[in-house]
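Below is the file query-v8.txt, which contains compact mmCIF, C-alpha atoms.
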# COMPACT_ATOMS: atom_id res chain seq x y z
CA MET P 1 2.88 0.05 -16.44
CA ILE P 2 3.58 3.54 -15.03
CA THR P 3 6.70 5.62 -15.67
CA LEU P 4 7.38 8.98 -14.07
CA ASP P 5 10.59 10.62 -15.19
CA ASP P 6 11.80 13.81 -13.46
CA VAL P 7 8.24 14.92 -12.74
CA SER P 8 7.63 18.18 -10.87
CA PHE P 9 4.29 19.71 -9.92
CA THR P 10 3.24 22.76 -7.95
CA TYR P 11 -0.35 23.46 -6.95
CA PRO P 12 -1.64 26.90 -8.00
CA GLY P 13 -0.98 29.45 -5.27
CA SER P 14 1.62 27.27 -3.55
CA ALA P 15 5.13 28.63 -3.05
CA GLU P 16 6.74 25.17 -2.91
CA PRO P 17 6.42 22.24 -5.35
CA THR P 18 4.65 19.12 -4.12
CA LEU P 19 6.65 16.92 -6.49
CA SER P 20 10.21 17.87 -7.35
CA GLY P 21 12.04 15.68 -9.84
CA LEU P 22 10.12 12.52 -8.99
CA SER P 23 11.13 9.42 -10.93
CA LEU P 24 9.73 5.91 -10.51
CA ASP P 25 8.62 2.91 -12.55
CA LEU P 26 5.69 0.67 -11.73
CA ILE P 27 6.22 -2.81 -13.17
CA LYS P 28 3.32 -4.73 -14.68
CA GLY P 29 1.97 -7.31 -12.24
CA GLU P 30 3.45 -5.88 -9.05
CA VAL P 31 2.00 -4.32 -5.91
CA PHE P 32 3.90 -1.07 -5.44
CA GLY P 33 3.57 0.93 -2.24
CA LEU P 34 4.28 4.66 -2.16
CA LEU P 35 5.02 5.68 1.42
CA GLY P 36 5.80 9.00 3.03
CA PRO P 37 4.74 11.62 5.58
CA SER P 38 1.35 13.28 5.41
CA GLY P 39 1.38 15.97 2.73
CA SER P 40 4.41 14.51 0.98
CA GLY P 41 2.56 14.12 -2.32
CA LYS P 42 1.50 10.46 -2.35
CA SER P 43 -2.09 11.16 -3.42
CA THR P 44 -0.85 13.86 -5.81
CA THR P 45 1.38 11.27 -7.49
CA GLN P 46 -1.55 8.91 -7.94
CA ARG P 47 -3.84 11.66 -9.25
CA LEU P 48 -1.19 12.73 -11.75
CA ALA P 49 -0.84 9.16 -13.01
CA MET P 50 -4.63 8.98 -13.36
CA GLY P 51 -4.55 11.95 -15.71
CA LEU P 52 -6.36 14.24 -13.25
CA LEU P 53 -3.64 16.88 -12.96
CA ARG P 54 -2.24 19.21 -15.58
CA GLY P 55 0.64 21.65 -15.58
CA PHE P 56 3.40 19.29 -14.48
CA SER P 57 6.86 19.10 -15.98
CA GLY P 58 8.77 15.96 -16.86
CA LYS P 59 7.50 12.77 -18.47
CA ALA P 60 4.59 10.65 -17.24
CA THR P 61 3.27 7.60 -19.10
CA VAL P 62 0.71 4.93 -18.23
CA PHE P 63 0.24 1.83 -20.40
CA GLY P 64 2.98 3.37 -22.56
CA ASP P 65 0.92 6.48 -23.43
CA ALA P 66 1.60 10.03 -22.27
CA VAL P 67 -0.69 10.91 -19.38
CA GLY P 68 -1.83 14.16 -20.99
CA LYS P 69 -3.01 12.38 -24.13
CA VAL P 70 -4.94 9.40 -22.74
CA SER P 71 -8.12 8.32 -24.51
CA ARG P 72 -11.47 7.53 -22.95
CA ASP P 73 -10.53 3.85 -23.08
CA PHE P 74 -7.83 4.61 -20.49
CA TYR P 75 -10.49 5.00 -17.81
CA ASN P 76 -11.99 1.63 -18.73
CA ARG P 77 -8.65 0.04 -17.79
CA ILE P 78 -8.07 1.63 -14.38
CA GLY P 79 -9.86 1.40 -11.04
CA VAL P 80 -9.57 3.99 -8.28
CA SER P 81 -10.32 3.76 -4.57
CA PHE P 82 -9.70 7.13 -2.93
CA GLU P 83 -9.06 7.51 0.81
CA LEU P 84 -12.38 9.39 1.07
CA PRO P 85 -15.10 7.19 -0.47
CA THR P 86 -16.79 8.58 -3.59
CA LEU P 87 -20.27 7.16 -3.14
CA TYR P 88 -23.88 8.38 -3.29
CA MET P 89 -25.13 8.35 0.29
CA ARG P 90 -28.86 8.23 -0.55
CA LEU P 91 -28.48 5.19 -2.77
CA THR P 92 -28.08 1.63 -1.61
CA ALA P 93 -24.82 -0.27 -2.05
CA LEU P 94 -26.30 -2.18 -4.99
CA GLU P 95 -27.68 0.97 -6.60
CA ASN P 96 -24.26 2.62 -6.32
CA LEU P 97 -22.54 -0.24 -8.10
CA ASN P 98 -25.19 -0.47 -10.81
CA LEU P 99 -24.86 3.26 -11.43
CA TYR P 100 -21.08 3.15 -11.72
CA ALA P 101 -21.23 0.05 -13.91
CA SER P 102 -23.44 1.96 -16.37
CA LEU P 103 -20.65 4.51 -16.93
CA TYR P 104 -18.30 2.00 -18.57
CA SER P 105 -18.40 0.96 -22.19
CA GLY P 106 -16.90 -2.47 -21.64
CA THR P 107 -17.99 -5.56 -19.73
CA THR P 108 -18.43 -5.05 -15.98
CA LEU P 109 -18.46 -7.47 -13.07
CA LYS P 110 -21.63 -8.49 -11.26
CA PRO P 111 -22.28 -6.14 -8.31
CA MET P 112 -23.50 -8.88 -5.98
CA ASP P 113 -20.37 -10.93 -6.64
CA LEU P 114 -18.22 -7.96 -5.65
CA LEU P 115 -20.27 -7.26 -2.54
CA ALA P 116 -19.85 -10.90 -1.51
CA ARG P 117 -16.07 -10.63 -1.89
CA VAL P 118 -15.94 -7.86 0.72
CA GLY P 119 -18.62 -9.24 3.02
CA LEU P 120 -21.34 -6.73 2.13
CA GLU P 121 -23.82 -8.99 0.33
CA GLY P 122 -26.17 -8.79 3.33
CA ASP P 123 -26.13 -4.99 3.12
CA ALA P 124 -26.73 -4.71 -0.62
CA ASN P 125 -30.07 -2.96 -0.21
CA LYS P 126 -29.06 -0.71 2.66
CA ARG P 127 -28.50 3.01 2.05
CA VAL P 128 -24.84 3.94 2.14
CA SER P 129 -25.60 6.77 4.58
CA ALA P 130 -26.14 4.05 7.20
CA PHE P 131 -22.74 2.44 6.55
CA SER P 132 -19.77 2.72 8.90
CA LYS P 133 -16.54 4.19 7.54
CA GLY P 134 -15.06 0.73 7.13
CA MET P 135 -18.12 -0.47 5.20
CA LYS P 136 -17.91 2.55 2.92
CA MET P 137 -14.26 1.78 2.23
CA ARG P 138 -15.16 -1.79 1.27
CA LEU P 139 -17.92 -0.57 -1.02
CA ASN P 140 -15.50 1.98 -2.45
CA LEU P 141 -13.17 -0.90 -3.34
CA CYS P 142 -16.07 -2.67 -5.07
CA ARG P 143 -16.70 0.49 -7.08
CA ALA P 144 -13.05 0.52 -8.13
CA LEU P 145 -13.30 -3.10 -9.28
CA ILE P 146 -16.63 -2.92 -11.12
CA ASN P 147 -14.95 -2.48 -14.53
CA ASP P 148 -12.41 -5.30 -13.89
CA PRO P 149 -9.43 -2.93 -14.34
CA ASP P 150 -5.87 -3.84 -15.31
CA LEU P 151 -4.40 -1.16 -13.05
CA LEU P 152 -5.75 -0.40 -9.59
CA PHE P 153 -5.03 2.75 -7.55
CA LEU P 154 -5.62 2.24 -3.82
CA ASP P 155 -5.28 5.11 -1.33
CA GLU P 156 -5.32 3.88 2.30
CA PRO P 157 -7.53 0.86 1.43
CA THR P 158 -7.99 -0.43 5.01
CA THR P 159 -8.86 2.89 6.68
CA GLY P 160 -11.61 2.46 9.29
CA GLN P 161 -11.44 -1.34 9.27
CA ASP P 162 -10.83 -3.51 12.32
CA PRO P 163 -7.81 -5.85 12.24
CA ALA P 164 -9.81 -8.90 11.11
CA ARG P 165 -11.53 -7.07 8.27
CA ALA P 166 -8.29 -5.28 7.28
CA ARG P 167 -6.62 -8.67 6.94
CA LYS P 168 -9.40 -9.84 4.62
CA THR P 169 -8.93 -6.70 2.53
CA ARG P 170 -5.20 -7.40 2.27
CA ASP P 171 -5.97 -10.98 1.27
CA LEU P 172 -8.28 -9.65 -1.46
CA ILE P 173 -5.53 -7.32 -2.72
CA ARG P 174 -3.18 -10.30 -2.98
CA GLU P 175 -5.86 -12.28 -4.83
CA LEU P 176 -6.35 -9.43 -7.29
CA ASN P 177 -2.61 -9.24 -7.85
CA SER P 178 -2.39 -13.01 -8.36
CA ALA P 179 -5.08 -12.61 -11.02
CA GLY P 180 -2.72 -10.30 -12.93
CA LYS P 181 -3.71 -6.85 -11.74
CA THR P 182 -1.07 -4.19 -11.13
CA ILE P 183 -1.70 -2.28 -7.91
CA PHE P 184 -0.43 1.18 -6.94
CA LEU P 185 -0.94 1.55 -3.20
CA THR P 186 -0.45 4.37 -0.72
CA THR P 187 -0.68 3.71 3.00
CA HIS P 188 0.50 4.94 6.40
CA ASN P 189 0.43 1.35 7.67
CA MET P 190 4.01 0.10 7.36
CA ALA P 191 3.09 -3.45 8.45
CA GLU P 192 0.50 -3.52 5.67
CA ALA P 193 3.01 -2.32 3.09
CA ASP P 194 5.54 -4.88 4.30
CA GLU P 195 2.98 -7.67 4.00
CA ILE P 196 1.54 -7.05 0.54
CA CYS P 197 3.96 -4.88 -1.49
CA HIS P 198 6.60 -6.31 -3.81
CA ARG P 199 8.42 -2.98 -3.72
CA VAL P 200 7.99 0.27 -1.81
CA GLY P 201 9.22 3.79 -2.42
CA PHE P 202 9.55 6.58 0.14
CA LEU P 203 8.36 9.98 -1.05
CA VAL P 204 10.32 12.71 0.71
CA GLU P 205 10.57 16.36 -0.37
CA GLY P 206 8.90 15.55 -3.67
CA ARG P 207 11.29 12.75 -4.65
CA ALA P 208 11.44 8.98 -4.22
CA ASP P 209 15.15 8.24 -4.01
CA VAL P 210 14.70 5.14 -1.83
CA ILE P 211 12.89 2.32 -3.69
CA ASP P 212 13.35 -1.41 -3.12
CA THR P 213 11.73 -4.53 -1.72
CA PRO P 214 10.73 -4.34 1.97
CA ALA P 215 13.13 -7.19 2.77
CA VAL P 216 16.14 -5.42 1.25
CA LEU P 217 15.28 -2.10 2.92
CA LYS P 218 14.86 -3.72 6.34
CA LYS P 219 18.17 -5.51 6.00
CA ARG P 220 19.93 -2.37 4.78
CA HIS P 221 18.72 -0.29 7.71
CA GLY P 222 18.96 -2.96 10.39
CA GLU P 223 21.84 -4.46 12.34
CA ASN P 224 23.62 -7.71 11.46
CA ILE P 225 23.25 -8.84 15.05
CA LEU P 226 21.60 -11.82 16.77
CA GLN P 227 19.94 -11.06 20.11
CA VAL P 228 19.52 -13.96 22.54
CA VAL P 229 17.51 -13.90 25.76
CA THR P 230 18.40 -16.56 28.34
CA ARG P 231 17.07 -17.44 31.79
CA SER P 232 19.33 -18.93 34.46
CA GLN P 233 18.28 -21.65 36.92
CA LYS P 234 17.82 -18.89 39.49
CA GLY P 235 15.39 -17.13 37.18
CA GLU P 236 17.75 -14.33 36.20
CA ARG P 237 17.09 -12.97 32.70
CA GLN P 238 20.04 -12.03 30.52
CA VAL P 239 20.17 -10.41 27.07
CA GLN P 240 23.22 -11.03 24.89
CA ARG P 241 24.08 -9.92 21.37
CA PHE P 242 26.37 -11.66 18.89
CA PRO P 243 27.60 -10.66 15.42
CA MET P 244 25.90 -12.78 12.74
CA THR P 245 29.20 -13.09 10.87
CA GLY P 246 31.05 -16.20 12.03
CA LEU P 247 28.25 -17.11 14.45
CA GLY P 248 28.81 -20.86 14.02
CA GLU P 249 32.41 -20.45 15.23
CA ASN P 250 31.67 -18.01 18.07
CA ASP P 251 32.75 -19.88 21.24
CA ALA P 252 30.74 -17.63 23.58
CA PHE P 253 27.58 -18.16 21.56
CA LEU P 254 28.06 -21.93 21.26
CA SER P 255 28.77 -22.27 25.00
CA MET P 256 25.63 -20.30 25.83
CA VAL P 257 23.49 -22.54 23.59
CA LYS P 258 24.98 -25.72 25.10
CA ALA P 259 24.32 -24.41 28.60
CA GLY P 260 20.61 -24.22 27.86
CA GLY P 261 18.08 -21.71 29.16
CA VAL P 262 17.54 -19.94 25.82
CA GLU P 263 14.11 -18.25 25.77
CA THR P 264 14.21 -16.29 22.52
CA MET P 265 16.62 -15.75 19.67
CA HIS P 266 16.15 -13.34 16.77
CA SER P 267 18.02 -11.07 14.39
CA LEU P 268 17.80 -7.32 14.85
CA GLU P 269 16.56 -6.45 11.37
CA ALA P 270 14.76 -3.15 11.09
CA SER P 271 11.01 -2.96 10.70
CA LEU P 272 9.54 -0.92 7.87
CA ASP P 273 8.53 1.58 10.57
CA ASP P 274 12.24 1.95 11.41
CA VAL P 275 13.07 2.45 7.75
CA PHE P 276 10.32 5.08 7.46
CA ILE P 277 11.71 7.03 10.42
CA LYS P 278 15.27 6.91 9.08
CA VAL P 279 14.33 7.83 5.52
CA ALA P 280 11.44 10.24 6.09
CA GLY P 281 12.62 11.72 9.37
CA GLY P 282 9.71 10.58 11.48
CA THR P 283 7.60 13.58 10.52
CA ASP P 284 4.39 11.65 9.85
CA ALA P 285 1.31 12.27 11.97
Target encoding structure tokens, full file:
Amino acid sequence: MITLDDVSFTYPGSAEPTLSGLSLDLIKGEVFGLLGPSGSGKSTTQRLAMGLLRGFSGKATVFGDAVGKVSRDFYNRIGVSFELPTLYMRLTALENLNLYASLYSGTTLKPMDLLARVGLEGDANKRVSAFSKGMKMRLNLCRALINDPDLLFLDEPTTGQDPARARKTRDLIRELNSAGKTIFLTTHNMAEADEICHRVGFLVEGRADVIDTPAVLKKRHGENILQVVTRSQKGERQVQRFPMTGLGENDAFLSMVKAGGVETMHSLEASLDDVFIKVAGGTDA
């Protein structure tokens, strides 16, 4: 769906490149998360793939076509939800969606159906200037979906949303993916990336040399250790660790289990936060 091969890009007036030999492939039908510290080039990568940046070196294709030579039809096939909502504040939510729908040459979705999917149907006739940040982000997602795109670019899609609403947004992203849409996501929320992304890549110093599924990355950067917390009859709490290899034949572990008093037992796999800190150096803000 998207191929970047040895792509480098430097903003005019900048002494250092934002992207430096970046290579990655986005597979049709997947949710791909691009992660990295603030200013690492995540949004730049998305904008380049959207055909909004010129003057880069290397090869960049979307839908099999070179980014610099995309036709107008290209923009009928993509949807974009920027981190900062691109909406008309003096218009209502419904007026915004009707306006954006008029810009596309193909069939568009019904605005009220989209508003209902993000819980904004009751605010359809309210001016966007009265919306909270989270409401604007939900409307921004509707705007990105109005043309029923094949490829969706999402930049921090749950910004400003409370945990319950953010979960509904993640559920919607999964629904869209199940319907066949390819999704290119950037986020600072590692738990979110872990939950909804098939693969993630870490953008560091303009490159993405670490790309894999969250499960593989967590296992690679974690410890192959089982931690067990027990409580004695006197109420004393004890933490013990055992190698996972040969656990079923570990006499100390088996004796502890037979003795009872086990409160918790879990493997010490890394979280995606841990992977981020190891790979990106913990420089994010």
Give me the residues near Pro149 (chain P) as a PyMOL selection string, where near means some atom within 9 Å (using all atoms listed in the file) and where sequence neighbours in that chain fewer than 2 positions away do not count. chain P and resi 75-79+144-147+151-152+181
Write out, as a Markdown table, each residue of region 116-189 of chain P that has an atom at most 8 Å from region 32-51 of chain P, together with the closest pair of atoms and their distance in Å to one decimal, counting all atoms listed in the file, rows going by chain and rising number.
| residue | atom | partner | partner_atom | distance |
| --- | --- | --- | --- | --- |
| P:Phe153 | CA | P:Gln46 | CA | 7.1 |
| P:Asp155 | CA | P:Ser43 | CA | 7.2 |
| P:Ile183 | CA | P:Phe32 | CA | 6.2 |
| P:Phe184 | CA | P:Phe32 | CA | 5.1 |
| P:Leu185 | CA | P:Gly33 | CA | 4.7 |
| P:Thr186 | CA | P:Leu34 | CA | 5.0 |
| P:Thr187 | CA | P:Leu35 | CA | 6.2 |
| P:His188 | CA | P:Leu35 | CA | 6.8 |
Students should find that CA of Val229 (chain P) and CA of Gly261 (chain P) are spaced 8.5 Å
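Among the candidate residues P:Asp148, P:Leu141, P:Gly134, P:Gly206, the one lying nearest to Thr10 (chain P) is P:Gly206, with distances computed using only C-alpha atoms.
When all atoms listed in the file are used to compute distances to Gly201 (chain P), the closest of the residues P:Ser57, P:Gln161, P:Asn177, P:Ser23 turns out to be P:Ser23.
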Please identify all polymer residues within 12 Å of Arg220 (chain P), counting all atoms listed in the file, omitting same-chain residues fewer than 2 positions from it, and present them as a PDB file with C-alpha atoms, in the coordinates of the input.
ATOM      1  CA  VAL P 210      14.700   5.140  -1.830  1.00  0.00           C
ATOM      2  CA  ILE P 211      12.890   2.320  -3.690  1.00  0.00           C
ATOM      3  CA  ASP P 212      13.350  -1.410  -3.120  1.00  0.00           C
ATOM      4  CA  THR P 213      11.730  -4.530  -1.720  1.00  0.00           C
ATOM      5  CA  PRO P 214      10.730  -4.340   1.970  1.00  0.00           C
ATOM      6  CA  ALA P 215      13.130  -7.190   2.770  1.00  0.00           C
ATOM      7  CA  VAL P 216      16.140  -5.420   1.250  1.00  0.00           C
ATOM      8  CA  LEU P 217      15.280  -2.100   2.920  1.00  0.00           C
ATOM      9  CA  LYS P 218      14.860  -3.720   6.340  1.00  0.00           C
ATOM     10  CA  GLY P 222      18.960  -2.960  10.390  1.00  0.00           C
ATOM     11  CA  GLU P 223      21.840  -4.460  12.340  1.00  0.00           C
ATOM     12  CA  ASN P 224      23.620  -7.710  11.460  1.00  0.00           C
ATOM     13  CA  LEU P 268      17.800  -7.320  14.850  1.00  0.00           C
ATOM     14  CA  GLU P 269      16.560  -6.450  11.370  1.00  0.00           C
ATOM     15  CA  ALA P 270      14.760  -3.150  11.090  1.00  0.00           C
ATOM     16  CA  SER P 271      11.010  -2.960  10.700  1.00  0.00           C
ATOM     17  CA  LEU P 272       9.540  -0.920   7.870  1.00  0.00           C
ATOM     18  CA  ASP P 274      12.240   1.950  11.410  1.00  0.00           C
ATOM     19  CA  VAL P 275      13.070   2.450   7.750  1.00  0.00           C
ATOM     20  CA  LYS P 278      15.270   6.910   9.080  1.00  0.00           C
ATOM     21  CA  VAL P 279      14.330   7.830   5.520  1.00  0.00           C
TER      22      VAL P 279
END
What separates CA of Gln240 (chain P) and CA of His266 (chain P) is a distance of 11.0 Å
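Shortest atom-to-atom contact with Met135 (chain P) among P:Asp162, P:Asp150, P:Glu175, P:Asp113: P:Asp162, counting only C-alpha atoms.
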List as a PyMOL selection string the protein and nucleic acid residues near region 65-71 of chain P, meaning an atom at most 10 Å away when only C-alpha atoms are counted, but skip any in the same chain fewer than 2 places from it. chain P and resi 1-4+48-56+59-63+73-76
Could you please take those selected residues and save C-alpha atoms as an mmCIF file, in the frame of the given file?
data_model
loop_
_atom_site.group_PDB
_atom_site.id
_atom_site.type_symbol
_atom_site.label_atom_id
_atom_site.label_comp_id
_atom_site.auth_asym_id
_atom_site.auth_seq_id
_atom_site.Cartn_x
_atom_site.Cartn_y
_atom_site.Cartn_z
ATOM 1 C CA MET P 1 2.880 0.050 -16.440
ATOM 2 C CA ILE P 2 3.580 3.540 -15.030
ATOM 3 C CA THR P 3 6.700 5.620 -15.670
ATOM 4 C CA LEU P 4 7.380 8.980 -14.070
ATOM 5 C CA LEU P 48 -1.190 12.730 -11.750
ATOM 6 C CA ALA P 49 -0.840 9.160 -13.010
ATOM 7 C CA MET P 50 -4.630 8.980 -13.360
ATOM 8 C CA GLY P 51 -4.550 11.950 -15.710
ATOM 9 C CA LEU P 52 -6.360 14.240 -13.250
ATOM 10 C CA LEU P 53 -3.640 16.880 -12.960
ATOM 11 C CA ARG P 54 -2.240 19.210 -15.580
ATOM 12 C CA GLY P 55 0.640 21.650 -15.580
ATOM 13 C CA PHE P 56 3.400 19.290 -14.480
ATOM 14 C CA LYS P 59 7.500 12.770 -18.470
ATOM 15 C CA ALA P 60 4.590 10.650 -17.240
ATOM 16 C CA THR P 61 3.270 7.600 -19.100
ATOM 17 C CA VAL P 62 0.710 4.930 -18.230
ATOM 18 C CA PHE P 63 0.240 1.830 -20.400
ATOM 19 C CA ASP P 73 -10.530 3.850 -23.080
ATOM 20 C CA PHE P 74 -7.830 4.610 -20.490
ATOM 21 C CA TYR P 75 -10.490 5.000 -17.810
ATOM 22 C CA ASN P 76 -11.990 1.630 -18.730
#
